[in-house]
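Below: upload.cif (mmCIF, C-alpha atoms)
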```cif
data_query
loop_
_atom_site.label_atom_id
_atom_site.label_comp_id
_atom_site.auth_asym_id
_atom_site.auth_seq_id
_atom_site.Cartn_x
_atom_site.Cartn_y
_atom_site.Cartn_z
CA VAL S 16 -21.55 -10.59 -8.37
CA PHE S 17 -17.76 -10.94 -8.38
CA VAL S 18 -16.01 -9.11 -5.53
CA PRO S 19 -12.21 -8.61 -5.88
CA SER S 20 -11.63 -8.75 -2.15
CA ILE S 21 -12.40 -10.82 0.96
CA PRO S 22 -15.47 -10.53 3.24
CA GLU S 23 -13.47 -8.89 6.04
CA LEU S 24 -12.62 -5.96 3.76
CA GLU S 25 -16.23 -5.40 2.70
CA ASP S 26 -19.61 -4.61 4.26
CA LEU S 27 -21.60 -7.16 2.28
CA LYS S 28 -24.01 -9.57 3.89
CA ASP S 29 -23.17 -13.22 3.39
CA SER S 30 -25.14 -14.17 0.32
CA SER S 31 -24.85 -16.67 -2.47
CA LYS S 32 -24.95 -13.85 -5.04
CA TYR S 33 -21.48 -12.64 -3.98
CA ILE S 34 -18.39 -14.49 -5.17
CA PHE S 35 -15.28 -13.27 -3.37
CA LEU S 36 -12.08 -13.53 -5.38
CA GLY S 37 -9.29 -12.31 -3.12
CA SER S 38 -6.83 -10.51 -5.41
CA VAL S 39 -7.28 -10.11 -9.16
CA THR S 40 -4.47 -7.61 -9.74
CA PRO S 41 -2.57 -8.78 -12.82
CA LYS S 42 1.14 -9.44 -12.62
CA ASN S 43 3.52 -7.21 -14.55
CA PHE S 44 0.71 -4.86 -15.59
CA ILE S 45 3.04 -1.84 -15.39
CA LYS S 46 5.93 -2.06 -17.83
CA SER S 47 9.09 -0.23 -16.75
CA ASP S 48 12.84 -0.63 -16.68
CA PHE S 49 12.71 -1.09 -12.92
CA ASN S 50 15.96 -2.49 -11.57
CA PHE S 51 16.39 -1.68 -7.90
CA GLU S 52 19.00 -3.04 -5.52
CA LYS S 53 17.60 -3.11 -2.01
CA LYS S 54 20.25 -2.32 0.60
CA ARG S 55 18.10 -1.45 3.64
CA PRO S 56 14.55 -2.13 4.86
CA LEU S 57 12.33 -0.80 2.05
CA ILE S 58 9.39 1.61 2.34
CA TYR S 59 7.09 1.90 -0.67
CA VAL S 60 5.20 5.21 -0.88
CA TYR S 61 2.17 5.61 -3.14
CA LEU S 62 -0.01 8.55 -2.12
CA SER S 63 -1.26 9.53 -5.58
CA ALA S 64 -3.16 12.84 -5.81
CA GLY S 65 -5.22 13.06 -2.67
CA GLN S 66 -5.67 15.29 0.34
CA ILE S 67 -1.89 15.38 0.85
CA MET S 68 -0.58 17.15 -2.24
CA PRO S 69 2.52 15.82 -4.06
CA ASP S 70 4.67 18.88 -3.37
CA VAL S 71 3.91 18.48 0.34
CA TYR S 72 4.64 14.79 0.63
CA GLN S 73 7.75 15.11 -1.50
CA LYS S 74 9.19 17.47 1.10
CA VAL S 75 7.99 15.47 4.12
CA ILE S 76 9.30 12.16 2.76
CA LEU S 77 12.71 13.69 2.08
CA ASP S 78 12.84 15.42 5.47
CA THR S 79 11.81 12.20 7.21
CA PHE S 80 13.83 9.47 5.53
CA LEU S 81 16.88 11.10 3.94
CA GLY S 82 19.90 9.49 5.58
CA SER S 83 17.74 7.12 7.67
CA GLU S 84 18.08 3.35 7.98
CA PHE S 85 15.40 2.87 5.28
CA ASP S 86 15.41 2.71 1.49
CA VAL S 87 12.36 4.56 0.13
CA ILE S 88 10.70 4.32 -3.28
CA VAL S 89 8.07 6.97 -4.04
CA THR S 90 5.84 6.63 -7.11
CA ARG S 91 5.37 10.02 -8.79
CA GLY S 92 3.07 8.82 -11.55
CA GLY S 93 4.21 11.68 -13.77
CA ASN S 94 2.44 14.20 -11.56
CA PRO S 95 3.60 17.75 -12.44
CA GLN S 96 3.04 18.99 -8.87
CA PHE S 97 6.33 17.52 -7.71
CA LYS S 98 8.87 20.29 -7.32
CA SER S 99 11.68 19.80 -9.81
CA GLY S 100 14.00 22.05 -7.81
CA VAL S 101 13.94 19.72 -4.81
CA SER S 102 16.55 17.00 -4.78
CA SER S 103 14.30 14.05 -5.46
CA ASN S 104 16.78 11.21 -5.79
CA THR S 105 19.34 10.47 -3.11
CA SER S 106 21.31 7.48 -1.93
CA ASN S 107 18.27 6.08 -0.11
CA VAL S 108 15.15 8.06 -1.21
CA HIS S 109 14.07 7.53 -4.81
CA PHE S 110 11.22 9.29 -6.67
CA ILE S 111 10.24 7.29 -9.76
CA ASP S 112 7.46 8.10 -12.24
CA MET S 113 6.16 4.55 -12.68
CA VAL S 114 7.11 1.31 -10.95
CA PRO S 115 5.78 -2.26 -11.23
CA SER S 116 3.82 -2.17 -7.98
CA ASP S 117 3.55 -5.95 -7.71
CA LYS S 118 7.36 -6.27 -7.76
CA VAL S 119 7.96 -3.35 -5.39
CA ILE S 120 5.38 -4.51 -2.85
CA LYS S 121 6.94 -7.98 -2.80
CA MET S 122 10.24 -6.31 -1.88
CA ALA S 123 8.78 -3.84 0.61
CA ASP S 124 8.88 -4.04 4.39
CA ILE S 125 6.38 -1.16 4.89
CA ALA S 126 3.95 0.68 2.61
CA ILE S 127 2.69 4.23 3.01
CA HIS S 128 -0.27 4.68 0.70
CA HIS S 129 -3.64 6.30 0.00
CA GLY S 130 -5.93 3.31 0.55
CA GLY S 131 -6.78 2.40 -3.04
CA GLN S 132 -8.36 -1.01 -3.52
CA ASN S 133 -5.48 -2.61 -5.42
CA THR S 134 -2.75 -1.33 -3.12
CA THR S 135 -4.65 -2.27 0.04
CA VAL S 136 -5.26 -5.85 -1.11
CA GLN S 137 -1.76 -6.24 -2.59
CA CYS S 138 -0.13 -5.17 0.66
CA ILE S 139 -2.13 -7.64 2.72
CA GLU S 140 -1.56 -10.43 0.19
CA ASN S 141 2.21 -9.82 0.36
CA GLU S 142 2.20 -9.39 4.17
CA VAL S 143 3.35 -5.77 4.06
CA PRO S 144 2.16 -3.59 6.97
CA SER S 145 0.59 -0.34 5.78
CA ILE S 146 0.39 3.22 7.05
CA ILE S 147 -2.60 4.65 5.19
CA PHE S 148 -3.54 8.30 4.63
CA PRO S 149 -6.85 8.06 2.73
CA GLY S 150 -7.95 11.65 3.16
CA LYS S 151 -11.65 12.40 2.55
CA HIS S 152 -12.14 10.06 -0.41
CA PHE S 153 -14.84 7.62 0.73
CA GLU S 154 -13.58 4.48 -1.03
CA ARG S 155 -10.04 4.99 0.23
CA TYR S 156 -11.19 5.70 3.78
CA PHE S 157 -13.44 2.63 3.72
CA ASN S 158 -10.55 0.41 2.56
CA ALA S 159 -8.22 1.90 5.18
CA GLU S 160 -10.77 1.43 7.95
CA LYS S 161 -11.38 -2.21 7.04
CA ALA S 162 -7.65 -2.98 6.81
CA SER S 163 -7.20 -1.32 10.20
CA GLU S 164 -10.09 -3.29 11.73
CA ILE S 165 -8.43 -6.61 10.89
CA GLY S 166 -5.09 -5.39 12.26
CA CYS S 167 -3.18 -5.19 8.98
CA ALA S 168 -2.76 -1.42 8.69
CA LEU S 169 -2.96 1.93 10.45
CA ASN S 170 -5.65 4.34 9.21
CA LEU S 171 -4.38 7.84 9.91
CA GLY S 172 -5.40 11.46 9.53
CA ILE S 173 -3.20 13.93 7.67
CA ASN S 174 -2.26 15.67 10.92
CA ASN S 175 0.02 12.66 11.51
CA PHE S 176 1.83 13.16 8.22
CA ASN S 177 4.97 14.67 9.69
CA LYS S 178 8.58 13.68 10.21
CA GLU S 179 8.41 12.78 13.89
CA PHE S 180 5.32 10.59 13.60
CA LEU S 181 6.27 8.85 10.35
CA LEU S 182 9.78 7.87 11.40
CA LYS S 183 8.66 6.68 14.83
CA THR S 184 5.75 4.69 13.38
CA CYS S 185 7.84 3.03 10.67
CA ARG S 186 10.39 1.95 13.26
CA GLU S 187 7.61 0.46 15.38
CA ILE S 188 5.44 -1.16 12.72
CA ILE S 189 8.31 -3.07 11.11
CA LYS S 190 8.83 -4.89 14.44
CA ASP S 191 5.14 -5.36 15.33
CA SER S 192 4.60 -9.10 15.73
CA GLU S 193 0.81 -8.78 16.05
CA ILE S 194 0.48 -7.02 12.69
CA LYS S 195 2.75 -9.66 11.14
CA GLU S 196 0.53 -12.44 12.48
CA ASN S 197 -2.62 -10.75 11.19
CA LEU S 198 -1.06 -10.18 7.77
CA LYS S 199 -0.15 -13.87 7.51
CA ILE S 200 -3.74 -14.89 8.36
CA TYR S 201 -5.38 -12.58 5.83
CA SER S 202 -2.73 -13.11 3.16
CA ASP S 203 -3.53 -16.82 3.26
CA LYS S 204 -7.24 -16.00 3.09
CA ILE S 205 -6.82 -13.73 0.04
CA LYS S 206 -4.85 -16.44 -1.75
CA SER S 207 -7.44 -19.09 -0.87
CA TYR S 208 -10.23 -17.35 -2.79
CA GLY S 209 -8.77 -18.17 -6.18
CA GLY S 210 -8.48 -14.81 -7.95
CA VAL S 211 -8.88 -14.68 -11.73
CA ALA S 212 -8.92 -18.46 -12.04
CA LYS S 213 -12.08 -18.53 -9.92
CA VAL S 214 -13.76 -16.03 -12.27
CA VAL S 215 -12.94 -18.24 -15.25
CA ASP S 216 -14.15 -21.38 -13.49
CA SER S 217 -17.40 -19.68 -12.42
CA ILE S 218 -18.17 -18.34 -15.90
CA LEU S 219 -17.30 -21.55 -17.70
CA GLY S 220 -18.90 -23.73 -15.02
CA THR S 221 -15.81 -25.86 -14.61
#
```
Could you render the structure as structure tokens?
Amino acid sequence: VFVPSIPELEDLKDSSKYIFLGSVTPKNFIKSDFNFEKKRPLIYVYLSAGQIMPDVYQKVILDTFLGSEFDVIVTRGGNPQFKSGVSSNTSNVHFIDMVPSDKVIKMADIAIHHGGQNTTVQCIENEVPSIIFPGKHFERYFNAEKASEIGCALNLGINNFNKEFLLKTCREIIKDSEIKENLKIYSDKIKSYGGVAKVVDSILGT
């Protein structure tokens, strides 16, 4: 059984039937004309359609970060629930339908996301501290809880999704040396498991 993760992010007993792979997210799997010039510390926001609705987080993100010391990229994913009447692109807050997440995460200093498997693993692999709002979706909450347990992310309830908490937390987490140390440890571990190449080797017996 191939597991695209590491043991610390799963609840699987150590067994020879499990083959952990670290990250198997393909590079450049989202094609876009993404060309972003980073001028400030960058926050990547990917909350998808979850317990916090797009029209709500559009407003909160703008209220929180407009004119702040951060650049912010928010992935809309073509969701029609974003309010077109709200100014959604400013000098430092950018709402974009699709972005190459692997490129953006490599550039990011902080990620605010929903706890999906790919995003959770990608952030740890690229040593990006995460503020996760998984809502009631079990898989997302599980991923957020595991990332929090190993000290690579904060797993938060939606009551914390407000201007005061988000700005304060971003300013703190970007300087948090303990989270940085944990991210380095588990990034190295993810990379050590071999990814797609390990799948190929296991199947072909090489």
Could you list the residues chosen by the PyMOL selection byres ((chain S and resi 113-119) around 10) in this structure as a PDB file with C-alpha atoms, in the frame of the given file?
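Written out: out-v3.pdb:
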```pdb
ATOM      1  CA  THR S  40      -4.470  -7.610  -9.740  1.00  0.00           C
ATOM      2  CA  PRO S  41      -2.570  -8.780 -12.820  1.00  0.00           C
ATOM      3  CA  LYS S  42       1.140  -9.440 -12.620  1.00  0.00           C
ATOM      4  CA  ASN S  43       3.520  -7.210 -14.550  1.00  0.00           C
ATOM      5  CA  PHE S  44       0.710  -4.860 -15.590  1.00  0.00           C
ATOM      6  CA  ILE S  45       3.040  -1.840 -15.390  1.00  0.00           C
ATOM      7  CA  LYS S  46       5.930  -2.060 -17.830  1.00  0.00           C
ATOM      8  CA  SER S  47       9.090  -0.230 -16.750  1.00  0.00           C
ATOM      9  CA  ASP S  48      12.840  -0.630 -16.680  1.00  0.00           C
ATOM     10  CA  PHE S  49      12.710  -1.090 -12.920  1.00  0.00           C
ATOM     11  CA  ASN S  50      15.960  -2.490 -11.570  1.00  0.00           C
ATOM     12  CA  PHE S  51      16.390  -1.680  -7.900  1.00  0.00           C
ATOM     13  CA  LEU S  57      12.330  -0.800   2.050  1.00  0.00           C
ATOM     14  CA  ILE S  58       9.390   1.610   2.340  1.00  0.00           C
ATOM     15  CA  TYR S  59       7.090   1.900  -0.670  1.00  0.00           C
ATOM     16  CA  TYR S  61       2.170   5.610  -3.140  1.00  0.00           C
ATOM     17  CA  ILE S  88      10.700   4.320  -3.280  1.00  0.00           C
ATOM     18  CA  VAL S  89       8.070   6.970  -4.040  1.00  0.00           C
ATOM     19  CA  THR S  90       5.840   6.630  -7.110  1.00  0.00           C
ATOM     20  CA  ARG S  91       5.370  10.020  -8.790  1.00  0.00           C
ATOM     21  CA  GLY S  92       3.070   8.820 -11.550  1.00  0.00           C
ATOM     22  CA  GLY S  93       4.210  11.680 -13.770  1.00  0.00           C
ATOM     23  CA  PHE S 110      11.220   9.290  -6.670  1.00  0.00           C
ATOM     24  CA  ILE S 111      10.240   7.290  -9.760  1.00  0.00           C
ATOM     25  CA  ASP S 112       7.460   8.100 -12.240  1.00  0.00           C
ATOM     26  CA  ILE S 120       5.380  -4.510  -2.850  1.00  0.00           C
ATOM     27  CA  LYS S 121       6.940  -7.980  -2.800  1.00  0.00           C
ATOM     28  CA  MET S 122      10.240  -6.310  -1.880  1.00  0.00           C
ATOM     29  CA  ALA S 123       8.780  -3.840   0.610  1.00  0.00           C
ATOM     30  CA  ASP S 124       8.880  -4.040   4.390  1.00  0.00           C
ATOM     31  CA  ALA S 126       3.950   0.680   2.610  1.00  0.00           C
ATOM     32  CA  ASN S 133      -5.480  -2.610  -5.420  1.00  0.00           C
ATOM     33  CA  THR S 134      -2.750  -1.330  -3.120  1.00  0.00           C
ATOM     34  CA  GLN S 137      -1.760  -6.240  -2.590  1.00  0.00           C
ATOM     35  CA  CYS S 138      -0.130  -5.170   0.660  1.00  0.00           C
ATOM     36  CA  ASN S 141       2.210  -9.820   0.360  1.00  0.00           C
TER      37      ASN S 141
END
```
request  = Could you give me, as a PyMOL selection string, the residues within 8 Å of region 157-159 of chain S, counting all atoms listed in the file and dropping anything in the same chain fewer than 3 positions from it?
outcome  = chain S and resi 24+130-132+135+147-149+153-154+162-163+168-170
ask   = Nearest to Gln66 (chain S) among S:Glu164, S:Ile189, S:Thr184, S:His128, with distances taken over only C-alpha atoms: which residue is it?
value =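 Counting only C-alpha atoms, the residue closest to Gln66 (chain S) is S:His128.
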ask   = Skipping near chain neighbours, those fewer than 5 positions away, what residues fall within 7 Å of Lys178 (chain S) using all atoms listed in the file, listed as a list in words?
value = Val75, Asp78 and Thr79 of chain S
Mind dumping the selected residues with C-alpha atoms as a CSV table (one decimal), in the frame of the given file?
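Written output follows (out-v2.csv):
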```csv
chain,number,residue,atom,x,y,z
S,75,VAL,CA,8.0,15.5,4.1
S,78,ASP,CA,12.8,15.4,5.5
S,79,THR,CA,11.8,12.2,7.2
```
ask   = If you apply the PyMOL selection byres ((chain S and resi 81) around 12) to this file, what residues do you get, as a ChimeraX atom specification?
value = /S:73-80,82-88,102-109,178,182
Those residues you just picked out, can you put them in a file as a compact mmCIF listing (two decimals), keeping the file's coordinate frame with C-alpha atoms?
```txt
# COMPACT_ATOMS: atom_id res chain seq x y z
CA GLN S 73 7.75 15.11 -1.50
CA LYS S 74 9.19 17.47 1.10
CA VAL S 75 7.99 15.47 4.12
CA ILE S 76 9.30 12.16 2.76
CA LEU S 77 12.71 13.69 2.08
CA ASP S 78 12.84 15.42 5.47
CA THR S 79 11.81 12.20 7.21
CA PHE S 80 13.83 9.47 5.53
CA GLY S 82 19.90 9.49 5.58
CA SER S 83 17.74 7.12 7.67
CA GLU S 84 18.08 3.35 7.98
CA PHE S 85 15.40 2.87 5.28
CA ASP S 86 15.41 2.71 1.49
CA VAL S 87 12.36 4.56 0.13
CA ILE S 88 10.70 4.32 -3.28
CA SER S 102 16.55 17.00 -4.78
CA SER S 103 14.30 14.05 -5.46
CA ASN S 104 16.78 11.21 -5.79
CA THR S 105 19.34 10.47 -3.11
CA SER S 106 21.31 7.48 -1.93
CA ASN S 107 18.27 6.08 -0.11
CA VAL S 108 15.15 8.06 -1.21
CA HIS S 109 14.07 7.53 -4.81
CA LYS S 178 8.58 13.68 10.21
CA LEU S 182 9.78 7.87 11.40
```
ask   = Just so the selection is clear, what residues does the PyMOL selection byres ((chain S and resi 197-205) around 7) cover here, as number ranges by chain?
value = S: 21, 37-38, 139-142, 166-167, 193-196, 206-208
request  = Between CA of Tyr72 (chain S) and CA of Phe176 (chain S), measure the distance and give it in Å to one decimal.
outcome  =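 Computing the Euclidean distance for CA of Tyr72 (chain S) and CA of Phe176 (chain S) yields 8.3 Å.
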As JSON, please: the centre and edge lengths in Å, to one decimal, of an axis-aligned box enclosing every listed atom of region 62-79 of chain S with 8 Å added on each side.
```
{"center_x": 3.6, "center_y": 13.7, "center_z": 0.7, "size_x": 34.5, "size_y": 26.3, "size_z": 29.0}
```
ask   = Of the candidates S:Gly65, S:Gly172, S:Pro56, S:Gly210, which shows the shortest atom-to-atom distance to Ile34 (chain S), using all atoms listed in the file?
value =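 Ranked by minimum distance to Ile34 (chain S), first place goes to S:Gly210.
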query = Between CA of Leu171 (chain S) and CA of Pro22 (chain S), what is the distance, to one decimal in Å?
reply =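 Separation between CA of Leu171 (chain S) and CA of Pro22 (chain S): 22.5 Å.
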query = Mind pulling up the distance from CA of Val16 (chain S) to CA of Lys32 (chain S)?
reply =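 Separation between CA of Lys32 (chain S) and CA of Val16 (chain S): 5.8 Å.
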Which residue of S:Lys190, S:Leu36, S:Leu27, S:Val18 approaches Val211 (chain S) most closely, using all atoms listed in the file =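 Of the candidates, the smallest distance to Val211 (chain S) is held by S:Leu36.
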ask   = Between S:Lys183, S:Pro19, S:Val136, S:Glu52, which is the closest to Val39 (chain S) once you count all atoms listed in the file?
value =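 Once distances to Val39 (chain S) are computed over all atoms listed in the file, the minimum belongs to S:Pro19.
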